[in-house]
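Pasting entry-v3.txt here (compact mmCIF, C-alpha atoms and all ligand atoms):
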# COMPACT_ATOMS: atom_id res chain seq x y z
CA MET A 1 126.28 158.99 213.07
CA ARG A 2 129.33 157.12 211.69
CA ARG A 3 129.57 156.86 207.90
CA LYS A 4 129.82 153.37 206.46
CA SER A 5 133.34 152.67 205.23
CA SER A 6 133.70 152.49 201.47
CA LYS A 7 134.56 148.82 201.61
CA ARG A 8 131.07 148.15 202.95
CA SER A 9 129.07 150.80 201.12
CA GLU A 10 130.39 150.31 197.57
CA LYS A 11 129.26 147.55 195.23
CA VAL A 12 132.00 147.05 192.68
CA CYS A 13 131.59 145.61 189.20
CA ILE A 14 134.70 144.40 187.41
CA ILE A 15 134.56 144.43 183.62
CA GLY A 16 137.33 142.40 181.95
CA ALA A 17 138.45 139.06 183.36
CA GLY A 18 142.15 139.56 182.75
CA PRO A 19 145.06 139.93 185.19
CA VAL A 20 144.15 143.47 186.30
CA GLY A 21 140.52 142.49 186.88
CA LEU A 22 141.60 139.47 188.92
CA ALA A 23 144.09 141.51 190.95
CA TRP A 24 141.41 144.12 191.77
CA GLY A 25 139.00 141.34 192.66
CA ARG A 26 141.41 139.53 194.98
CA ALA A 27 142.35 142.78 196.72
CA LEU A 28 138.72 143.86 197.19
CA ASN A 29 137.69 140.42 198.36
CA ARG A 30 140.56 140.36 200.87
CA ILE A 31 139.23 143.51 202.61
CA GLY A 32 135.60 142.31 202.51
CA CYS A 33 134.37 144.72 199.82
CA LYS A 34 131.27 143.55 197.95
CA ILE A 35 131.96 142.57 194.34
CA SER A 36 128.52 142.67 192.78
CA CYS A 37 129.40 141.35 189.35
CA VAL A 38 132.19 140.27 187.00
CA ILE A 39 131.58 140.87 183.31
CA SER A 40 133.76 139.72 180.46
CA ARG A 41 133.48 138.87 176.77
CA LYS A 42 133.83 135.16 177.49
CA LEU A 43 131.30 133.95 180.05
CA SER A 44 133.63 131.14 181.17
CA HIS A 45 136.35 133.74 182.00
CA ALA A 46 133.87 135.91 183.91
CA LYS A 47 132.65 132.86 185.86
CA ARG A 48 136.14 131.71 186.79
CA LEU A 49 137.14 135.15 188.04
CA ALA A 50 133.84 135.66 189.88
CA LYS A 51 134.27 132.34 191.69
CA ASP A 52 137.86 133.16 192.64
CA VAL A 53 137.01 136.57 194.12
CA GLY A 54 133.64 135.70 195.67
CA ALA A 55 131.59 137.90 193.31
CA ALA A 56 127.81 137.63 193.47
CA GLU A 57 127.32 137.25 189.70
CA ALA A 58 129.17 136.56 186.46
CA SER A 59 128.03 137.54 183.00
CA ASN A 60 129.00 138.44 179.45
CA ARG A 61 126.22 141.05 179.29
CA ILE A 62 127.23 144.61 180.07
CA GLU A 63 123.82 145.61 181.49
CA LYS A 64 124.45 143.31 184.47
CA CYS A 65 126.54 146.07 186.04
CA CYS A 66 123.33 148.11 186.64
CA GLY A 67 123.25 147.44 190.40
CA SER A 68 126.84 148.54 191.03
CA THR A 69 128.07 151.80 192.51
CA ILE A 70 131.61 151.56 191.08
CA VAL A 71 132.34 150.07 187.68
CA LEU A 72 135.99 149.23 187.01
CA LEU A 73 136.94 148.81 183.39
CA CYS A 74 139.78 146.30 183.37
CA VAL A 75 139.77 145.82 179.61
CA PRO A 76 142.65 146.55 177.23
CA ASP A 77 143.15 150.24 176.42
CA HIS A 78 141.84 149.77 172.89
CA ALA A 79 138.52 148.38 174.22
CA ILE A 80 137.81 151.14 176.79
CA LYS A 81 135.88 153.39 174.40
CA GLU A 82 133.85 150.48 173.03
CA VAL A 83 132.85 149.30 176.53
CA SER A 84 132.15 152.88 177.59
CA ASP A 85 129.76 153.27 174.63
CA GLN A 86 127.97 150.08 175.70
CA LEU A 87 127.57 151.47 179.23
CA LEU A 88 125.63 154.41 177.80
CA ASN A 89 122.52 152.23 177.55
CA VAL A 90 122.71 150.70 181.05
CA HIS A 91 119.96 151.73 183.46
CA PHE A 92 121.80 152.09 186.79
CA THR A 93 119.76 151.55 189.95
CA SER A 94 122.10 153.54 192.18
CA SER A 95 121.84 157.33 191.98
CA ARG A 96 125.59 158.06 191.98
CA VAL A 97 127.86 155.81 189.98
CA VAL A 98 131.60 155.96 189.40
CA VAL A 99 133.07 154.51 186.22
CA ALA A 100 136.85 154.22 186.04
CA HIS A 101 139.30 152.61 183.68
CA CYS A 102 142.75 151.32 184.69
CA SER A 103 144.93 152.57 181.85
CA GLY A 104 148.16 154.31 182.78
CA SER A 105 148.55 156.32 179.61
CA ARG A 106 144.96 157.17 178.60
CA SER A 107 142.90 159.77 180.44
CA SER A 108 139.30 159.67 181.65
CA VAL A 109 138.28 161.79 178.67
CA LEU A 110 137.65 158.42 177.01
CA LEU A 111 134.68 158.00 179.39
CA GLU A 112 133.35 161.55 179.17
CA SER A 113 130.45 160.72 176.82
CA LEU A 114 129.06 158.35 179.47
CA LYS A 115 127.74 161.35 181.33
CA SER A 116 124.83 161.54 178.90
CA ASN A 117 123.50 158.37 180.57
CA THR A 118 120.73 160.01 182.61
CA SER A 119 119.83 157.00 184.77
CA ALA A 120 122.37 158.14 187.41
CA VAL A 121 124.78 160.93 188.20
CA LEU A 122 127.88 159.46 186.61
CA SER A 123 131.38 160.58 187.46
CA VAL A 124 134.39 159.22 185.61
CA ALA A 125 138.07 158.71 186.32
CA SER A 126 141.12 156.68 185.53
CA ALA A 127 142.61 154.68 188.41
CA HIS A 128 145.89 153.19 187.30
CA PRO A 129 147.57 150.67 189.59
CA MET A 130 151.32 151.25 189.23
CA GLN A 131 152.15 147.56 189.28
CA THR A 132 152.94 144.80 186.82
CA PHE A 133 150.34 142.08 186.27
CA PRO A 134 151.65 139.25 184.07
CA ARG A 135 148.91 137.03 182.70
CA LYS A 136 151.10 133.99 183.44
CA LEU A 137 150.66 134.51 187.20
CA MET A 138 146.84 134.61 187.08
CA TYR A 139 145.17 132.09 189.35
CA THR A 140 148.37 131.10 191.10
CA ASP A 141 147.52 130.68 194.78
CA THR A 142 149.32 133.53 196.44
CA TRP A 143 149.18 136.08 193.62
CA ASP A 144 147.76 139.28 195.13
CA PRO A 145 149.75 142.16 193.59
CA ILE A 146 147.54 145.06 194.70
CA ARG A 147 149.28 145.42 198.05
CA ASP A 148 151.16 148.52 199.21
CA ILE A 149 151.06 149.98 195.74
CA CYS A 150 150.27 153.46 194.46
CA PHE A 151 147.44 154.35 192.09
CA GLY A 152 147.58 157.27 189.66
CA LEU A 153 144.18 158.98 189.85
CA GLU A 154 142.79 161.40 187.31
CA GLY A 155 139.25 162.56 186.52
CA ASP A 156 136.16 164.05 188.18
CA ILE A 157 136.45 165.13 191.82
CA ALA A 158 133.52 162.95 192.94
CA ALA A 159 134.98 159.86 191.26
CA LYS A 160 138.49 160.50 192.61
CA THR A 161 137.16 160.92 196.16
CA ARG A 162 135.25 157.62 196.10
CA LEU A 163 138.15 155.76 194.48
CA ARG A 164 140.66 157.28 196.92
CA ASN A 165 138.56 155.94 199.80
CA LEU A 166 138.46 152.50 198.23
CA ILE A 167 142.21 152.58 197.62
CA LYS A 168 142.81 153.60 201.25
CA ALA A 169 140.66 150.68 202.40
CA LEU A 170 143.03 148.45 200.39
CA HIS A 171 145.95 149.96 202.37
CA CYS A 172 147.32 151.42 199.14
CA ARG A 173 148.16 155.01 198.23
CA SER A 174 147.19 157.32 195.41
CA ILE A 175 148.51 160.40 193.69
CA THR A 176 146.65 162.78 191.43
CA ILE A 177 147.83 163.01 187.83
CA SER A 178 146.71 165.66 185.35
CA PRO A 179 145.31 164.31 182.05
CA ASP A 180 148.19 165.95 180.14
CA SER A 181 150.82 164.22 182.30
CA LYS A 182 149.50 160.68 181.97
CA ALA A 183 151.79 159.61 179.15
CA LEU A 184 154.93 160.64 181.07
CA TYR A 185 153.59 159.26 184.36
CA HIS A 186 153.05 155.89 182.66
CA MET A 187 156.51 156.01 181.08
CA GLY A 188 158.07 155.99 184.56
CA GLY A 189 156.61 152.53 185.09
CA VAL A 190 157.68 151.38 181.64
CA ILE A 191 161.26 152.48 182.26
CA VAL A 192 161.66 150.85 185.68
CA SER A 193 159.72 147.67 184.94
CA ASN A 194 159.81 146.86 181.20
CA PHE A 195 163.33 148.17 180.60
CA LEU A 196 164.62 146.26 183.60
CA HIS A 197 163.31 143.08 181.96
CA ALA A 198 165.02 144.07 178.70
CA ASN A 199 168.31 144.68 180.49
CA TYR A 200 168.15 141.41 182.43
CA HIS A 201 167.28 139.54 179.25
CA ALA A 202 170.30 141.07 177.48
CA ALA A 203 172.59 140.06 180.35
CA ARG A 204 171.15 136.53 180.24
CA LYS A 205 171.86 136.27 176.52
CA LEU A 206 175.45 137.43 177.01
CA TYR A 207 175.90 134.79 179.71
CA LYS A 208 174.32 132.09 177.56
CA GLY A 209 176.96 132.90 174.94
CA ILE A 210 179.73 132.13 177.42
CA GLY A 211 178.14 128.95 178.76
CA ILE A 212 176.35 130.25 181.87
CA ASN A 213 172.84 128.84 181.99
CA ALA A 214 169.62 130.52 183.21
CA SER A 215 169.73 129.25 186.79
CA GLN A 216 173.43 130.11 187.11
CA THR A 217 172.58 133.59 185.76
CA ARG A 218 170.03 134.02 188.55
CA LEU A 219 172.64 132.98 191.11
CA VAL A 220 175.28 135.33 189.72
CA LEU A 221 173.11 138.38 188.98
CA GLY A 222 170.35 138.00 191.60
CA PRO A 223 172.28 139.51 194.53
CA ILE A 224 173.60 142.51 192.56
CA LEU A 225 170.11 143.09 191.19
CA PHE A 226 168.51 143.20 194.64
CA GLU A 227 171.32 145.30 196.16
CA THR A 228 171.02 147.78 193.28
CA LEU A 229 167.27 148.10 193.87
CA ARG A 230 167.92 148.81 197.55
CA ASN A 231 170.51 151.44 196.61
CA ILE A 232 168.26 153.08 194.02
CA LEU A 233 165.50 153.49 196.60
CA SER A 234 167.79 154.78 199.35
CA ASN A 235 169.82 157.58 197.72
CA PRO A 236 170.08 159.51 194.43
CA SER A 237 171.57 157.35 191.66
CA SER A 238 174.18 160.03 190.96
CA ILE A 239 175.70 159.09 194.36
CA MET A 240 175.10 155.34 194.31
CA LEU A 241 176.16 154.53 190.74
CA THR A 242 179.25 152.35 190.41
CA GLY A 243 180.98 150.77 187.38
CA PRO A 244 183.13 151.99 184.49
CA ALA A 245 180.94 154.99 183.52
CA SER A 246 180.97 156.37 187.06
CA ARG A 247 184.77 155.86 187.27
CA GLY A 248 185.27 157.55 183.90
CA ASP A 249 187.03 154.44 182.56
CA HIS A 250 186.72 155.32 178.85
CA LYS A 251 189.13 152.61 177.74
CA LEU A 252 187.01 149.84 179.26
CA LEU A 253 183.79 151.39 177.95
CA GLY A 254 185.19 151.42 174.40
CA LEU A 255 186.22 147.78 174.73
CA GLN A 256 182.79 146.79 176.06
CA SER A 257 181.07 148.63 173.22
CA SER A 258 182.97 146.67 170.56
CA GLU A 259 182.50 143.37 172.46
CA ILE A 260 178.74 143.87 172.67
CA LYS A 261 178.60 144.61 168.97
CA LYS A 262 179.89 141.08 168.34
CA ALA A 263 178.07 139.26 171.15
CA LEU A 264 174.65 140.94 171.16
CA PRO A 265 174.27 143.39 168.24
CA THR A 266 170.55 143.94 168.92
CA TYR A 267 171.43 145.48 172.29
CA GLN A 268 174.37 147.59 171.16
CA ARG A 269 172.46 150.83 170.58
CA ALA A 270 170.76 150.50 173.96
CA PHE A 271 174.17 149.81 175.55
CA VAL A 272 175.70 152.95 174.04
CA ALA A 273 172.69 155.11 174.99
CA LEU A 274 172.59 153.81 178.57
CA THR A 275 176.34 154.22 178.95
CA ALA A 276 176.03 157.87 177.86
CA TYR A 277 173.21 158.34 180.37
CA CYS A 278 175.30 156.81 183.18
CA ARG A 279 178.16 159.18 182.32
CA LEU A 280 175.80 162.17 182.61
CA LEU A 281 174.58 160.80 185.94
CA SER A 282 178.06 160.49 187.37
CA GLU A 283 178.95 164.00 186.17
CA GLU A 284 176.14 165.34 188.39
CA THR A 285 178.28 164.59 191.46
CA ARG A 286 181.52 166.06 190.14
N1 LIG A 301 148.81 144.20 182.65
C1 LIG A 301 149.43 145.12 183.38
O1 LIG A 301 150.56 144.90 183.88
C2 LIG A 301 148.75 146.44 183.65
C3 LIG A 301 149.27 147.26 184.67
C4 LIG A 301 148.60 148.43 185.01
C5 LIG A 301 147.45 148.81 184.28
N2 LIG A 301 146.99 148.01 183.25
C6 LIG A 301 145.78 148.45 182.54
O2 LIG A 301 144.68 147.68 183.04
C7 LIG A 301 143.74 147.44 181.97
C8 LIG A 301 143.52 145.94 181.83
O3 LIG A 301 144.77 145.32 181.60
P1 LIG A 301 144.91 143.73 181.40
O4 LIG A 301 146.36 143.50 181.15
O5 LIG A 301 144.21 143.03 182.51
O6 LIG A 301 144.07 143.57 180.06
P2 LIG A 301 143.96 142.29 179.06
O7 LIG A 301 144.53 141.09 179.69
O8 LIG A 301 144.50 142.73 177.73
O9 LIG A 301 142.39 142.16 178.91
C9 LIG A 301 141.57 141.88 180.02
C10 LIG A 301 140.28 141.25 179.62
O10 LIG A 301 139.44 142.21 179.00
C11 LIG A 301 138.44 141.47 178.32
N3 LIG A 301 137.98 142.23 177.17
C12 LIG A 301 138.67 142.57 176.08
N4 LIG A 301 137.88 143.29 175.26
C13 LIG A 301 136.68 143.37 175.87
C14 LIG A 301 135.47 143.97 175.53
N5 LIG A 301 135.33 144.62 174.37
N6 LIG A 301 134.43 143.86 176.40
C15 LIG A 301 134.55 143.21 177.58
N7 LIG A 301 135.70 142.61 177.95
C16 LIG A 301 136.74 142.71 177.09
C17 LIG A 301 139.05 140.14 177.89
O11 LIG A 301 138.19 139.19 178.45
P3 LIG A 301 137.92 137.72 177.85
O12 LIG A 301 139.12 136.95 178.36
O13 LIG A 301 136.64 137.35 178.47
O14 LIG A 301 137.88 137.85 176.35
C18 LIG A 301 140.40 140.15 178.58
O15 LIG A 301 140.71 138.94 179.23
C19 LIG A 301 144.31 148.13 180.74
O16 LIG A 301 143.78 149.42 180.67
C20 LIG A 301 145.81 148.20 181.03
O17 LIG A 301 146.46 149.26 180.37
C21 LIG A 301 147.62 146.84 182.93

As structure tokens, how would this structure be written, given the file I've shared?
Ligand SMILES: NC(=O)c1ccc[n+]([C@@H]2O[C@H](COP(=O)([O-])OP(=O)(O)OC[C@H]3O[C@@H](n4cnc5c(N)ncnc54)[C@H](OP(=O)(O)O)[C@@H]3O)[C@@H](O)[C@H]2O)c1
Amino acid sequence: MRRKSSKRSEKVCIIGAGPVGLAWGRALNRIGCKISCVISRKLSHAKRLAKDVGAAEASNRIEKCCGSTIVLLCVPDHAIKEVSDQLLNVHFTSSRVVVAHCSGSRSSVLLESLKSNTSAVLSVASAHPMQTFPRKLMYTDTWDPIRDICFGLEGDIAAKTRLRNLIKALHCRSITISPDSKALYHMGGVIVSNFLHANYHAARKLYKGIGINASQTRLVLGPILFETLRNILSNPSSIMLTGPASRGDHKLLGLQSSEIKKALPTYQRAFVALTAYCRLLSEETR
């Protein structure tokens, strides 16, 4: 007998009607997975998300997740423990339930106490989508950022197996992270995503100071940004790095350091630190 695929057998409840909850919902809805319920603090937010992703029910009452087989906590990190404590009193109707949160830096230990809920065999995990989900893009038509991404999975074997199957059904990938490694794993995303924003913002401010506006900045820096991303993903940076640090042009670097001190003092320490890092990188090839 063929086993039902996870997209048909699981009933997923999304708790937290923010960008991550919406992204999960749109991805699950796209593959035809049943979203049994959306729960959020504000009923209006739960209703809007439920309507968008074709969920059967919307509520602001936590016990409404009782008919689900997978409960995804898409609430801020600081609210995970509080929501987990509320789930302790839910009487689940399914015998085996997975509860997972989506934090990149916190482990599933936060959910451990849930296992004293005796209404079902509960397994817990963290399933972190390595992606960026800006609130500003919520409810824009084509926004569907859980595509071809990788999830960091950590937790009980039973929970990881069920989540891995769901993630595969979404045509995404997963890797297993140990609880002790979560902080560093998460930092990888912070460095490539958040710091890239910080660097672009600094470049934009420098350009503003010399009369280049935001759309001109995009025109000037867009192509080098995309080409750099292609290079980063194709070969080690020690080989692909260009610019004054890789050429060992100390005179120019000194000049740039004093210029940045005048033009953008808030970025100067970052500039010096990143320059030193680039020099180390280029020394790897020598
Ligand atoms: N944002 C990202 O780029 C990103 C990327 C990867 C992973 N994550 C992780 O994904 C999780 C959710 O992130 P997010 O950015 O979507 O979170 P968020 O926007 O900060 O919050 C999501 C929603 O959670 C609801 N909420 C807050 N406290 C609640 C509570 N006590 N009970 C029930 N609902 C509550 C709020 O709903 P109401 O609007 O109804 O008040 C809020 O809109 C976090 O663990 C985060 O670390 C985020």

Within 12 Å of (139.1, 140.3, 195.7), in the coordinates the file gives, what residues turn up when you count all atoms listed in the file, written out as a PDB file with C-alpha atoms, in the frame of the given file?
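The resulting file, selection-v2.pdb, is reproduced below:
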ATOM      1  CA  LYS A   7     134.560 148.820 201.610  1.00  0.00           C
ATOM      2  CA  VAL A  12     132.000 147.050 192.680  1.00  0.00           C
ATOM      3  CA  CYS A  13     131.590 145.610 189.200  1.00  0.00           C
ATOM      4  CA  ILE A  14     134.700 144.400 187.410  1.00  0.00           C
ATOM      5  CA  VAL A  20     144.150 143.470 186.300  1.00  0.00           C
ATOM      6  CA  GLY A  21     140.520 142.490 186.880  1.00  0.00           C
ATOM      7  CA  LEU A  22     141.600 139.470 188.920  1.00  0.00           C
ATOM      8  CA  ALA A  23     144.090 141.510 190.950  1.00  0.00           C
ATOM      9  CA  TRP A  24     141.410 144.120 191.770  1.00  0.00           C
ATOM     10  CA  GLY A  25     139.000 141.340 192.660  1.00  0.00           C
ATOM     11  CA  ARG A  26     141.410 139.530 194.980  1.00  0.00           C
ATOM     12  CA  ALA A  27     142.350 142.780 196.720  1.00  0.00           C
ATOM     13  CA  LEU A  28     138.720 143.860 197.190  1.00  0.00           C
ATOM     14  CA  ASN A  29     137.690 140.420 198.360  1.00  0.00           C
ATOM     15  CA  ARG A  30     140.560 140.360 200.870  1.00  0.00           C
ATOM     16  CA  ILE A  31     139.230 143.510 202.610  1.00  0.00           C
ATOM     17  CA  GLY A  32     135.600 142.310 202.510  1.00  0.00           C
ATOM     18  CA  CYS A  33     134.370 144.720 199.820  1.00  0.00           C
ATOM     19  CA  LYS A  34     131.270 143.550 197.950  1.00  0.00           C
ATOM     20  CA  ILE A  35     131.960 142.570 194.340  1.00  0.00           C
ATOM     21  CA  SER A  36     128.520 142.670 192.780  1.00  0.00           C
ATOM     22  CA  CYS A  37     129.400 141.350 189.350  1.00  0.00           C
ATOM     23  CA  VAL A  38     132.190 140.270 187.000  1.00  0.00           C
ATOM     24  CA  LEU A  49     137.140 135.150 188.040  1.00  0.00           C
ATOM     25  CA  ALA A  50     133.840 135.660 189.880  1.00  0.00           C
ATOM     26  CA  LYS A  51     134.270 132.340 191.690  1.00  0.00           C
ATOM     27  CA  ASP A  52     137.860 133.160 192.640  1.00  0.00           C
ATOM     28  CA  VAL A  53     137.010 136.570 194.120  1.00  0.00           C
ATOM     29  CA  GLY A  54     133.640 135.700 195.670  1.00  0.00           C
ATOM     30  CA  ALA A  55     131.590 137.900 193.310  1.00  0.00           C
ATOM     31  CA  ALA A  56     127.810 137.630 193.470  1.00  0.00           C
ATOM     32  CA  TRP A 143     149.180 136.080 193.620  1.00  0.00           C
ATOM     33  CA  ASP A 144     147.760 139.280 195.130  1.00  0.00           C
ATOM     34  CA  PRO A 145     149.750 142.160 193.590  1.00  0.00           C
ATOM     35  CA  ILE A 146     147.540 145.060 194.700  1.00  0.00           C
ATOM     36  CA  ARG A 147     149.280 145.420 198.050  1.00  0.00           C
ATOM     37  CA  LEU A 170     143.030 148.450 200.390  1.00  0.00           C
TER      38      LEU A 170
END

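Checking A:Asp77, A:Glu154, A:Glu284, A:Asp141 one by one against ligand LIG 301 (chain A), counting all atoms listed in the file, you find the shortest gap at A:Asp77.
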
Pairwise distance for CA of Ala263 in chain A and CA of Lys208 in chain A, rounded to one decimal in Å: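 Distance between the two atoms: 10.3 Å.
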
Surroundings of ligand LIG 301 (chain A) up to 6 Å, based on all atoms listed in the file, as a PyMOL selection string: chain A and resi 16-21+40-42+45+74-77+79+83+102-104+128-134

Exercise: Ile177 in chain A partners within 10 Å, only C-alpha atoms, chain neighbours under 3 positions left out, as a ChimeraX atom specification: /A:107,126-127,151-155,174,180-182,185

For Val71 in chain A, the nearest of the candidates A:Arg164, A:Arg48, A:Lys11, A:Lys251, counting all atoms listed in the file: A:Lys11

Can you build me a table of range 144-202 of chain A residues sitting at most 12 Å from range 229-239 of chain A, with the closest atom pair per residue and its distance in Å to one decimal, using all atoms listed in the file, sorted by chain and residue number, as a tab-separated table?
residue	atom	partner	partner_atom	distance
A:Val192	CA	A:Leu229	CA	10.3
A:Ser193	CA	A:Leu229	CA	11.7
A:Leu196	CA	A:Leu229	CA	10.8

Residues within 8 Å of (123.5, 150.9, 179.2), counting all atoms listed in the file, listed as a PDB file with C-alpha atoms, in the frame of the given file:
ATOM      1  CA  ILE A  62     127.230 144.610 180.070  1.00  0.00           C
ATOM      2  CA  GLU A  63     123.820 145.610 181.490  1.00  0.00           C
ATOM      3  CA  CYS A  66     123.330 148.110 186.640  1.00  0.00           C
ATOM      4  CA  GLN A  86     127.970 150.080 175.700  1.00  0.00           C
ATOM      5  CA  LEU A  87     127.570 151.470 179.230  1.00  0.00           C
ATOM      6  CA  LEU A  88     125.630 154.410 177.800  1.00  0.00           C
ATOM      7  CA  ASN A  89     122.520 152.230 177.550  1.00  0.00           C
ATOM      8  CA  VAL A  90     122.710 150.700 181.050  1.00  0.00           C
ATOM      9  CA  HIS A  91     119.960 151.730 183.460  1.00  0.00           C
ATOM     10  CA  PHE A  92     121.800 152.090 186.790  1.00  0.00           C
ATOM     11  CA  ASN A 117     123.500 158.370 180.570  1.00  0.00           C
TER      12      ASN A 117
END

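CA of Leu72 in chain A lies 19.6 Å from CA of Tyr139 in chain A.
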
Among listed residues A:Ala202, A:Leu252, A:Ala125, A:Ala214, nearest Leu111 in chain A (using only C-alpha atoms):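 Residue with the minimum atom-to-atom distance to Leu111 in chain A: A:Ala125.
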
Of the listed residues A:Ser257, A:Thr93, A:Ser282, A:Ser6, that which approaches Ala245 in chain A most closely, counting all atoms listed in the file: A:Ser282

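Reported to one decimal place, the separation of CA of Cys278 in chain A from CA of His250 in chain A is 12.3 Å.
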
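If all atoms listed in the file are the atoms counted, then among A:Leu274, A:Val121, A:Ala203, A:Leu166 the closest residue to Val97 in chain A is A:Val121.
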
Nearest candidate to Ser9 in chain A (options A:Ser113, A:Asn60, A:Ser68, A:Asn199; using all atoms listed in the file): A:Ser68

Give me the box for range 228-234 of chain A as AutoDock Vina command-line options, namely the centre and edge lengths in Å to one decimal of a box along x, y and z that holds every listed atom plus 3 Å on each side.
--center_x 168.3 --center_y 151.3 --center_z 196.3 --size_x 11.5 --size_y 13.0 --size_z 12.1

Give me range 228-239 of chain A with N, CA and C atoms filled in, as a compact mmCIF listing (two decimals), in the coordinates of the input.
# COMPACT_ATOMS: atom_id res chain seq x y z
N THR A 228 171.19 146.55 194.07
CA THR A 228 171.02 147.78 193.28
C THR A 228 169.66 148.41 193.54
N LEU A 229 168.62 147.57 193.61
CA LEU A 229 167.27 148.10 193.87
C LEU A 229 167.24 148.80 195.23
N ARG A 230 167.87 148.18 196.22
CA ARG A 230 167.92 148.81 197.55
C ARG A 230 168.62 150.16 197.46
N ASN A 231 169.75 150.20 196.74
CA ASN A 231 170.51 151.44 196.61
C ASN A 231 169.72 152.52 195.89
N ILE A 232 169.05 152.12 194.81
CA ILE A 232 168.26 153.08 194.02
C ILE A 232 167.22 153.75 194.92
N LEU A 233 166.59 152.95 195.78
CA LEU A 233 165.50 153.49 196.60
C LEU A 233 166.00 154.23 197.84
N SER A 234 167.30 154.14 198.11
CA SER A 234 167.79 154.78 199.35
C SER A 234 168.42 156.14 199.11
N ASN A 235 169.08 156.33 197.97
CA ASN A 235 169.82 157.58 197.72
C ASN A 235 169.77 157.91 196.23
N PRO A 236 170.07 159.18 195.86
CA PRO A 236 170.08 159.51 194.43
C PRO A 236 171.08 158.63 193.67
N SER A 237 170.71 158.23 192.46
CA SER A 237 171.57 157.35 191.66
C SER A 237 172.91 158.00 191.35
N SER A 238 172.92 159.35 191.26
CA SER A 238 174.18 160.03 190.96
C SER A 238 175.22 159.72 192.03
N ILE A 239 174.77 159.41 193.27
CA ILE A 239 175.70 159.09 194.36
C ILE A 239 175.99 157.59 194.40
